[in-house]
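Structure first, commentary second.
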Amino acid sequence: MYNREDIQEFLRTRVARPASAGVVIYNDKKEALVLKANYKPYWSFPGGWIEDNQTPIQAAVRELSEETGILIVPQRLKFLYIINRVSNIMQSYQFIFEYSGMIDDFTSIKLQPEEIDDYKFVSREEVLINLNNYGGAVQIWAKGENIGYFEQTVEC
């Protein structure tokens with residue numbers, strides 16, 4: 001039988017992995033919203049790091065709001081996939097959710113100026129034409145492989 005101290009000691013030996021969360025949100029043409037962050041060379045879904053005491057869904061909702069000004073109902077998010085991202089800097093998990101609603105022509109998008117340079121809506125076919133312009137989560141979505149667990153090597 002393990003006591004609390006044994007469990008705490010064991011957990012101290014485990015590798016801590018940061019995690020992020022992103023949202024796939026569509027317009028009425030079923031095109032997904034992607035953002036161009038000023039610190040990334042590619043387009044990605046709205047999202048970012050999960051903060052202390054946040055769930056992946058809470059982080060996805062917060063990041064979408066911070067980066068675009070779009071407010072959504074968390075209960076309308078559905079889990080799509082998780083990516084185990086490995087680079088020479090770190091290993092992290094990225095949770096991707098899909099929003100069951102859509103952005104209409106009346107939705108105002110207000111970009112976070114310190115971080116986000118631009119936005120656009122893309123079809124799966126558009127992404128597949130030039131995969132190198134998009135992050136791994138967007139590539140997986142475009143290929144239609146968007147259920148389950150994936151591994152991604154990230155060049156840094």
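So you can find residues: chains in the structure tokens are A, B, ... in the order shown, residues in each start at 1, and ligands are numbered from 1 in order.
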Just the residues within 10 Å of Glu31 (chain A), please, counting only C-alpha atoms, with nothing from its chain fewer than 3 positions along; format it as a VMD selection string.
chain A and resid 24 to 28 34 102 to 103 120 to 126
As a PyMOL selection string, please: every residue in region 53-132 of chain A that DSSP puts in strand (DSSP E).
chain A and resi 77-86+91-103+116-122
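All residues within region 34-85 of chain A that the backbone DSSP calculation assigns to alpha helix (DSSP H) are Pro56, Ile57, Gln58, Ala59, Ala60, Val61, Arg62, Glu63, Leu64, Ser65, Glu66, Glu67 and Thr68 of chain A.
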Pick from A:Leu71, A:Ser20, A:Ala59, A:Val154 nearest to Ser108 (chain A), counting only C-alpha atoms
A:Leu71
Exercise: region 44-52 of chain A partners within 8 Å, only C-alpha atoms, chain neighbours under 2 positions left out, as an NGL selection string
:A and (18-24 or 33-37 or 42 or 54-56 or 59-60 or 63-64 or 67-68 or 134-135 or 137-138)
Of the residues A:Tyr149, A:Trp43, A:Val15, A:Ile7, which is the one nearest to Asn130 (chain A), using only C-alpha atoms?
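Closest candidate: A:Trp43.
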May I ask for the distance between CA of Ile83 (chain A) and CA of Arg62 (chain A), given in Å to one decimal place?
19.8 Å
Smallest atom-to-atom distance to Lys40 (chain A): which of A:Ser92, A:Asn133, A:Gln152, A:Ser65, using only C-alpha atoms?
A:Asn133
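Here CA of Ile96 (chain A) is placed at a distance of 16.9 Å from CA of Thr153 (chain A).
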So, counting only C-alpha atoms, which residue among A:Asn38, A:Lys143, A:Glu151, A:Ile72 is closest to Asp118 (chain A)?
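That would be A:Asn38, the residue with the smallest distance to Asp118 (chain A).
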Would you mind reading off the distance between CA of Arg76 (chain A) and CA of Pro113 (chain A), one decimal, in Å?
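We find that CA of Arg76 (chain A) and CA of Pro113 (chain A) lie 27.0 Å from each other.
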